[in-house]
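Dumped coords09.tsv below, it's TSV, N, CA and C atoms:
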chain	number	residue	atom	x	y	z
V	1	MET	N	117.73	74.64	81.25
V	1	MET	CA	116.61	75.48	81.61
V	1	MET	C	115.72	74.70	82.59
V	2	SER	N	115.35	75.31	83.66
V	2	SER	CA	114.53	74.64	84.67
V	2	SER	C	113.07	74.97	84.47
V	3	SER	N	112.25	74.15	85.01
V	3	SER	CA	110.81	74.36	84.91
V	3	SER	C	110.26	74.76	86.27
V	4	LEU	N	108.98	75.02	86.30
V	4	LEU	CA	108.34	75.40	87.55
V	4	LEU	C	108.36	74.24	88.55
V	5	LYS	N	108.27	73.00	88.04
V	5	LYS	CA	108.34	71.84	88.93
V	5	LYS	C	109.68	71.80	89.66
V	6	ASP	N	110.77	72.08	88.93
V	6	ASP	CA	112.09	72.09	89.57
V	6	ASP	C	112.17	73.16	90.65
V	7	PHE	N	111.57	74.29	90.36
V	7	PHE	CA	111.59	75.39	91.33
V	7	PHE	C	110.83	75.00	92.60
V	8	VAL	N	109.65	74.41	92.43
V	8	VAL	CA	108.81	74.04	93.57
V	8	VAL	C	109.48	72.95	94.39
V	9	ARG	N	110.15	72.04	93.74
V	9	ARG	CA	110.81	70.93	94.44
V	9	ARG	C	112.21	71.28	94.94
V	10	HIS	N	112.64	72.53	94.73
V	10	HIS	CA	113.98	73.00	95.13
V	10	HIS	C	115.07	72.18	94.46
V	11	GLU	N	114.87	71.83	93.19
V	11	GLU	CA	115.85	71.06	92.45
V	11	GLU	C	116.45	71.89	91.31
V	12	LEU	N	116.78	73.11	91.58
V	12	LEU	CA	117.36	73.97	90.55
V	12	LEU	C	118.82	73.60	90.34
V	13	ASN	N	119.25	73.61	89.08
V	13	ASN	CA	120.63	73.25	88.75
V	13	ASN	C	121.57	74.44	88.88
V	14	GLU	N	121.06	75.65	88.76
V	14	GLU	CA	121.91	76.83	88.77
V	14	GLU	C	121.61	77.66	90.01
V	15	MET	N	122.66	78.24	90.56
V	15	MET	CA	122.52	79.11	91.72
V	15	MET	C	122.69	80.56	91.26
V	16	PRO	N	122.05	81.50	91.92
V	16	PRO	CA	122.23	82.90	91.53
V	16	PRO	C	123.64	83.37	91.86
V	17	GLY	N	124.08	84.38	91.15
V	17	GLY	CA	125.41	84.93	91.37
V	17	GLY	C	125.46	85.75	92.65
V	18	PRO	N	126.64	86.27	92.99
V	18	PRO	CA	126.76	87.07	94.22
V	18	PRO	C	125.97	88.37	94.12
V	19	ALA	N	125.49	88.85	95.24
V	19	ALA	CA	124.73	90.10	95.28
V	19	ALA	C	125.68	91.27	95.11
V	20	PRO	N	125.27	92.31	94.39
V	20	PRO	CA	126.14	93.49	94.23
V	20	PRO	C	126.28	94.24	95.55
V	21	GLN	N	127.39	94.95	95.68
V	21	GLN	CA	127.62	95.76	96.88
V	21	GLN	C	126.65	96.94	96.89
V	22	PRO	N	126.14	97.31	98.08
V	22	PRO	CA	125.23	98.47	98.14
V	22	PRO	C	126.00	99.75	97.83
V	23	PRO	N	125.32	100.75	97.26
V	23	PRO	CA	126.01	102.01	96.95
V	23	PRO	C	126.43	102.73	98.23
V	24	VAL	N	127.52	103.45	98.13
V	24	VAL	CA	128.04	104.21	99.27
V	24	VAL	C	127.32	105.55	99.31
V	25	PRO	N	126.69	105.92	100.44
V	25	PRO	CA	126.00	107.21	100.52
V	25	PRO	C	127.02	108.35	100.49
V	26	PRO	N	126.62	109.51	99.97
V	26	PRO	CA	127.54	110.64	99.94
V	26	PRO	C	127.87	111.11	101.36
V	27	ALA	N	129.09	111.60	101.52
V	27	ALA	CA	129.54	112.06	102.84
V	27	ALA	C	128.86	113.38	103.19
V	28	ARG	N	128.55	113.56	104.47
V	28	ARG	CA	127.94	114.80	104.97
V	28	ARG	C	128.87	115.45	105.97
V	29	ALA	N	128.64	116.71	106.19
V	29	ALA	CA	129.39	117.41	107.23
V	29	ALA	C	129.00	116.83	108.58
V	30	LYS	N	129.88	116.88	109.55
V	30	LYS	CA	129.63	116.27	110.85
V	30	LYS	C	128.45	116.90	111.59
V	31	ASN	N	128.29	118.20	111.48
V	31	ASN	CA	127.22	118.86	112.23
V	31	ASN	C	125.94	119.02	111.41
V	32	GLU	N	125.92	118.57	110.17
V	32	GLU	CA	124.74	118.73	109.32
V	32	GLU	C	123.77	117.58	109.55
V	33	LYS	N	122.53	117.92	109.84
V	33	LYS	CA	121.49	116.91	110.02
V	33	LYS	C	120.75	116.75	108.70
V	34	PRO	N	120.33	115.53	108.38
V	34	PRO	CA	119.60	115.35	107.12
V	34	PRO	C	118.21	115.97	107.22
V	35	LEU	N	117.88	116.83	106.27
V	35	LEU	CA	116.58	117.49	106.24
V	35	LEU	C	115.95	117.27	104.87
V	36	SER	N	114.66	117.11	104.85
V	36	SER	CA	113.95	117.01	103.59
V	36	SER	C	113.80	118.42	103.00
V	37	GLU	N	113.40	118.46	101.75
V	37	GLU	CA	113.21	119.76	101.09
V	37	GLU	C	112.14	120.57	101.82
V	38	ALA	N	111.08	119.90	102.28
V	38	ALA	CA	110.02	120.60	102.99
V	38	ALA	C	110.52	121.17	104.31
V	39	ALA	N	111.35	120.40	105.02
V	39	ALA	CA	111.89	120.88	106.30
V	39	ALA	C	112.81	122.08	106.07
V	40	ARG	N	113.60	122.04	105.00
V	40	ARG	CA	114.47	123.19	104.69
V	40	ARG	C	113.63	124.42	104.36
V	41	ALA	N	112.56	124.24	103.59
V	41	ALA	CA	111.70	125.36	103.23
V	41	ALA	C	111.02	125.94	104.46
V	42	GLN	N	110.61	125.09	105.40
V	42	GLN	CA	110.00	125.58	106.63
V	42	GLN	C	111.02	126.31	107.48
V	43	ALA	N	112.26	125.81	107.51
V	43	ALA	CA	113.30	126.47	108.30
V	43	ALA	C	113.62	127.86	107.75
V	44	ARG	N	113.56	128.00	106.43
V	44	ARG	CA	113.82	129.31	105.81
V	44	ARG	C	112.56	130.17	105.78
V	45	GLN	N	111.45	129.66	106.30
V	45	GLN	CA	110.16	130.34	106.34
V	45	GLN	C	109.64	130.65	104.94
V	46	ILE	N	109.99	129.79	103.99
V	46	ILE	CA	109.45	129.89	102.64
V	46	ILE	C	108.09	129.20	102.58
V	47	MET	N	107.96	128.12	103.36
V	47	MET	CA	106.75	127.32	103.36
V	47	MET	C	106.19	127.26	104.78
V	48	LYS	N	104.87	127.29	104.89
V	48	LYS	CA	104.22	127.19	106.19
V	48	LYS	C	104.14	125.73	106.63
V	49	GLY	N	103.72	125.48	107.86
V	49	GLY	CA	103.55	124.12	108.36
V	49	GLY	C	102.43	123.39	107.64
V	50	ALA	N	102.37	122.08	107.80
V	50	ALA	CA	101.40	121.26	107.06
V	50	ALA	C	99.96	121.65	107.35
V	51	LEU	N	99.63	121.97	108.59
V	51	LEU	CA	98.24	122.29	108.93
V	51	LEU	C	97.79	123.63	108.37
V	52	TYR	N	98.73	124.50	108.01
V	52	TYR	CA	98.37	125.80	107.44
V	52	TYR	C	97.61	125.61	106.14
V	53	TYR	N	97.97	124.61	105.35
V	53	TYR	CA	97.38	124.41	104.03
V	53	TYR	C	96.08	123.62	104.05
V	54	THR	N	95.68	123.09	105.18
V	54	THR	CA	94.45	122.30	105.24
V	54	THR	C	93.21	123.18	105.29
V	55	GLN	N	93.35	124.42	105.66
V	55	GLN	CA	92.25	125.37	105.82
V	55	GLN	C	91.24	124.87	106.85
V	56	ALA	N	91.69	124.06	107.78
V	56	ALA	CA	90.83	123.58	108.85
V	56	ALA	C	91.00	124.49	110.06
V	57	GLU	N	89.90	124.95	110.57
V	57	GLU	CA	89.94	125.81	111.75
V	57	GLU	C	89.41	125.00	112.93
V	58	ALA	N	90.27	124.73	113.88
V	58	ALA	CA	89.86	123.96	115.05
V	58	ALA	C	90.73	124.38	116.22
V	59	HIS	N	90.25	124.04	117.39
V	59	HIS	CA	91.04	124.34	118.59
V	59	HIS	C	90.74	123.27	119.65
V	60	ALA	N	91.67	123.10	120.53
V	60	ALA	CA	91.50	122.12	121.61
V	60	ALA	C	90.70	122.76	122.73
V	61	SER	N	89.83	121.98	123.31
V	61	SER	CA	89.04	122.46	124.45
V	61	SER	C	88.93	121.34	125.47
V	62	THR	N	88.22	121.61	126.55
V	62	THR	CA	88.03	120.59	127.58
V	62	THR	C	87.15	119.46	127.07
V	63	GLU	N	86.35	119.72	126.03
V	63	GLU	CA	85.48	118.69	125.46
V	63	GLU	C	86.14	117.94	124.32
V	64	GLY	N	87.36	118.29	123.97
V	64	GLY	CA	88.08	117.64	122.87
V	64	GLY	C	88.39	118.64	121.78
V	65	TRP	N	88.55	118.13	120.57
V	65	TRP	CA	88.91	118.95	119.42
V	65	TRP	C	87.64	119.54	118.83
V	66	VAL	N	87.53	120.88	118.81
V	66	VAL	CA	86.33	121.55	118.34
V	66	VAL	C	86.66	122.28	117.04
V	67	GLU	N	85.89	121.95	115.98
V	67	GLU	CA	86.10	122.58	114.69
V	67	GLU	C	85.08	123.69	114.49
V	68	SER	N	85.45	124.67	113.68
V	68	SER	CA	84.52	125.77	113.40
V	68	SER	C	83.40	125.29	112.49
V	69	ASP	N	82.32	126.02	112.46
V	69	ASP	CA	81.17	125.66	111.62
V	69	ASP	C	81.57	125.65	110.14
V	70	GLU	N	82.44	126.57	109.72
V	70	GLU	CA	82.89	126.62	108.33
V	70	GLU	C	83.66	125.35	107.95
V	71	THR	N	84.49	124.88	108.87
V	71	THR	CA	85.26	123.66	108.61
V	71	THR	C	84.34	122.45	108.49
V	72	VAL	N	83.35	122.35	109.36
V	72	VAL	CA	82.41	121.23	109.32
V	72	VAL	C	81.62	121.26	108.01
V	73	ALA	N	81.15	122.43	107.60
V	73	ALA	CA	80.40	122.55	106.35
V	73	ALA	C	81.27	122.19	105.15
V	74	SER	N	82.52	122.60	105.17
V	74	SER	CA	83.45	122.28	104.09
V	74	SER	C	83.69	120.79	103.99
V	75	LYS	N	83.86	120.13	105.13
V	75	LYS	CA	84.08	118.68	105.13
V	75	LYS	C	82.84	117.94	104.63
V	76	LEU	N	81.65	118.41	105.00
V	76	LEU	CA	80.42	117.77	104.53
V	76	LEU	C	80.30	117.90	103.02
V	77	ARG	N	80.58	119.08	102.47
V	77	ARG	CA	80.53	119.27	101.02
V	77	ARG	C	81.54	118.35	100.33
V	78	SER	N	82.73	118.26	100.89
V	78	SER	CA	83.77	117.42	100.31
V	78	SER	C	83.35	115.95	100.30
V	79	LYS	N	82.73	115.50	101.37
V	79	LYS	CA	82.32	114.09	101.45
V	79	LYS	C	81.16	113.80	100.50
V	80	GLU	N	80.33	114.81	100.21
V	80	GLU	CA	79.26	114.62	99.24
V	80	GLU	C	79.82	114.55	97.82
V	81	GLU	N	80.81	115.41	97.53
V	81	GLU	CA	81.40	115.44	96.19
V	81	GLU	C	82.31	114.25	95.94
V	82	PHE	N	83.06	113.83	96.94
V	82	PHE	CA	84.04	112.75	96.81
V	82	PHE	C	83.79	111.68	97.86
V	83	PRO	N	82.73	110.87	97.70
V	83	PRO	CA	82.45	109.85	98.71
V	83	PRO	C	83.58	108.81	98.78
V	84	GLN	N	83.91	108.40	99.98
V	84	GLN	CA	84.99	107.44	100.20
V	84	GLN	C	84.48	106.04	100.52
V	85	GLY	N	83.21	105.81	100.41
V	85	GLY	CA	82.70	104.47	100.65
V	85	GLY	C	81.51	104.45	101.56
Could you express the structure from this file as structure tokens?
Amino acid sequence: MSSLKDFVRHELNEMPGPAPQPPVPPARAKNEKPLSEAARAQARQIMKGALYYTQAEAHASTEGWVESDETVASKLRSKEEFPQG
């Protein structure tokens, strides 16, 4: 049995065994692209895009990203209820 001193001094008597082989991934069809569950749901139009669920109303303009008054008020309420620092 080795101690911490042996470990620090690199004087271990035993070496670790061989590393196990990595698992073989399952085979896929040649034309099938890997998709996450969310991407499949969006492709089938079961689920909307990520920004749909944020309830943020904003649009791009020449002055930058402009949010609606409702979105700004909602964010202010959220920051008052759940301060982040």
Item to complete: Using backbone DSSP assignments, extract all alpha helix (DSSP H) residues from chain V; output them as a ChimeraX atom specification.
Response: /V:4-8,37-43,69-81
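The spacing separating atom C of Ser74 in chain V from atom N of Ala56 in chain V amounts to 9.4 Å.
Atom pair CA of Glu70 in chain V / CA of Ala58 in chain V: separated by 10.0 Å.
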Fill in: Nearest residue to Glu57 in chain V from the set V:Val8, V:Ser36, V:Gln45, V:Thr71 (distances using only N, CA and C atoms)
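Using only N, CA and C atoms, Glu57 in chain V sits closest to V:Thr71.
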Item to complete: Can you check which residues of range 9-71 of chain V DSSP gives as strand (DSSP E or B) on the backbone and send them as a list in words?
Response: Ala58, His59, Ala60, Ser61, Gly64, Trp65, Val66 and Glu67 of chain V
Worksheet item: Which distance in Å separates atom N of Gln84 in chain V and CA of Thr54 in chain V, to one decimal?
Response: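 Atom-to-atom, atom N of Gln84 in chain V and CA of Thr54 in chain V are spaced 18.2 Å apart.
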Provide range 65-80 of chain V rebuilt to N, CA, C and O atoms, formatted as an mmCIF file, in the frame of the given file.
data_model
loop_
_atom_site.group_PDB
_atom_site.id
_atom_site.type_symbol
_atom_site.label_atom_id
_atom_site.label_comp_id
_atom_site.auth_asym_id
_atom_site.auth_seq_id
_atom_site.Cartn_x
_atom_site.Cartn_y
_atom_site.Cartn_z
ATOM 1 N N TRP V 65 88.550 118.130 120.570
ATOM 2 C CA TRP V 65 88.910 118.950 119.420
ATOM 3 C C TRP V 65 87.640 119.540 118.830
ATOM 4 O O TRP V 65 86.746 118.824 118.403
ATOM 5 N N VAL V 66 87.530 120.880 118.810
ATOM 6 C CA VAL V 66 86.330 121.550 118.340
ATOM 7 C C VAL V 66 86.660 122.280 117.040
ATOM 8 O O VAL V 66 87.571 123.093 116.984
ATOM 9 N N GLU V 67 85.890 121.950 115.980
ATOM 10 C CA GLU V 67 86.100 122.580 114.690
ATOM 11 C C GLU V 67 85.080 123.690 114.490
ATOM 12 O O GLU V 67 83.968 123.641 115.020
ATOM 13 N N SER V 68 85.450 124.670 113.680
ATOM 14 C CA SER V 68 84.520 125.770 113.400
ATOM 15 C C SER V 68 83.400 125.290 112.490
ATOM 16 O O SER V 68 83.511 124.258 111.819
ATOM 17 N N ASP V 69 82.320 126.020 112.460
ATOM 18 C CA ASP V 69 81.170 125.660 111.620
ATOM 19 C C ASP V 69 81.570 125.650 110.140
ATOM 20 O O ASP V 69 81.088 124.813 109.368
ATOM 21 N N GLU V 70 82.440 126.570 109.720
ATOM 22 C CA GLU V 70 82.890 126.620 108.330
ATOM 23 C C GLU V 70 83.660 125.350 107.950
ATOM 24 O O GLU V 70 83.495 124.806 106.858
ATOM 25 N N THR V 71 84.490 124.880 108.870
ATOM 26 C CA THR V 71 85.260 123.660 108.610
ATOM 27 C C THR V 71 84.340 122.450 108.490
ATOM 28 O O THR V 71 84.490 121.625 107.589
ATOM 29 N N VAL V 72 83.350 122.350 109.360
ATOM 30 C CA VAL V 72 82.410 121.230 109.320
ATOM 31 C C VAL V 72 81.620 121.260 108.010
ATOM 32 O O VAL V 72 81.462 120.226 107.332
ATOM 33 N N ALA V 73 81.150 122.430 107.600
ATOM 34 C CA ALA V 73 80.400 122.550 106.350
ATOM 35 C C ALA V 73 81.270 122.190 105.150
ATOM 36 O O ALA V 73 80.835 121.504 104.217
ATOM 37 N N SER V 74 82.520 122.600 105.170
ATOM 38 C CA SER V 74 83.450 122.280 104.090
ATOM 39 C C SER V 74 83.690 120.790 103.990
ATOM 40 O O SER V 74 83.715 120.211 102.896
ATOM 41 N N LYS V 75 83.860 120.130 105.130
ATOM 42 C CA LYS V 75 84.080 118.680 105.130
ATOM 43 C C LYS V 75 82.840 117.940 104.630
ATOM 44 O O LYS V 75 82.952 116.949 103.915
ATOM 45 N N LEU V 76 81.650 118.410 105.000
ATOM 46 C CA LEU V 76 80.420 117.770 104.530
ATOM 47 C C LEU V 76 80.300 117.900 103.020
ATOM 48 O O LEU V 76 79.941 116.923 102.328
ATOM 49 N N ARG V 77 80.580 119.080 102.470
ATOM 50 C CA ARG V 77 80.530 119.270 101.020
ATOM 51 C C ARG V 77 81.540 118.350 100.330
ATOM 52 O O ARG V 77 81.237 117.715 99.316
ATOM 53 N N SER V 78 82.730 118.260 100.890
ATOM 54 C CA SER V 78 83.770 117.420 100.310
ATOM 55 C C SER V 78 83.350 115.950 100.300
ATOM 56 O O SER V 78 83.571 115.242 99.313
ATOM 57 N N LYS V 79 82.730 115.500 101.370
ATOM 58 C CA LYS V 79 82.320 114.090 101.450
ATOM 59 C C LYS V 79 81.160 113.800 100.500
ATOM 60 O O LYS V 79 81.024 112.685 100.003
ATOM 61 N N GLU V 80 80.330 114.810 100.210
ATOM 62 C CA GLU V 80 79.260 114.620 99.240
ATOM 63 C C GLU V 80 79.820 114.550 97.820
ATOM 64 O O GLU V 80 79.384 113.756 97.002
#
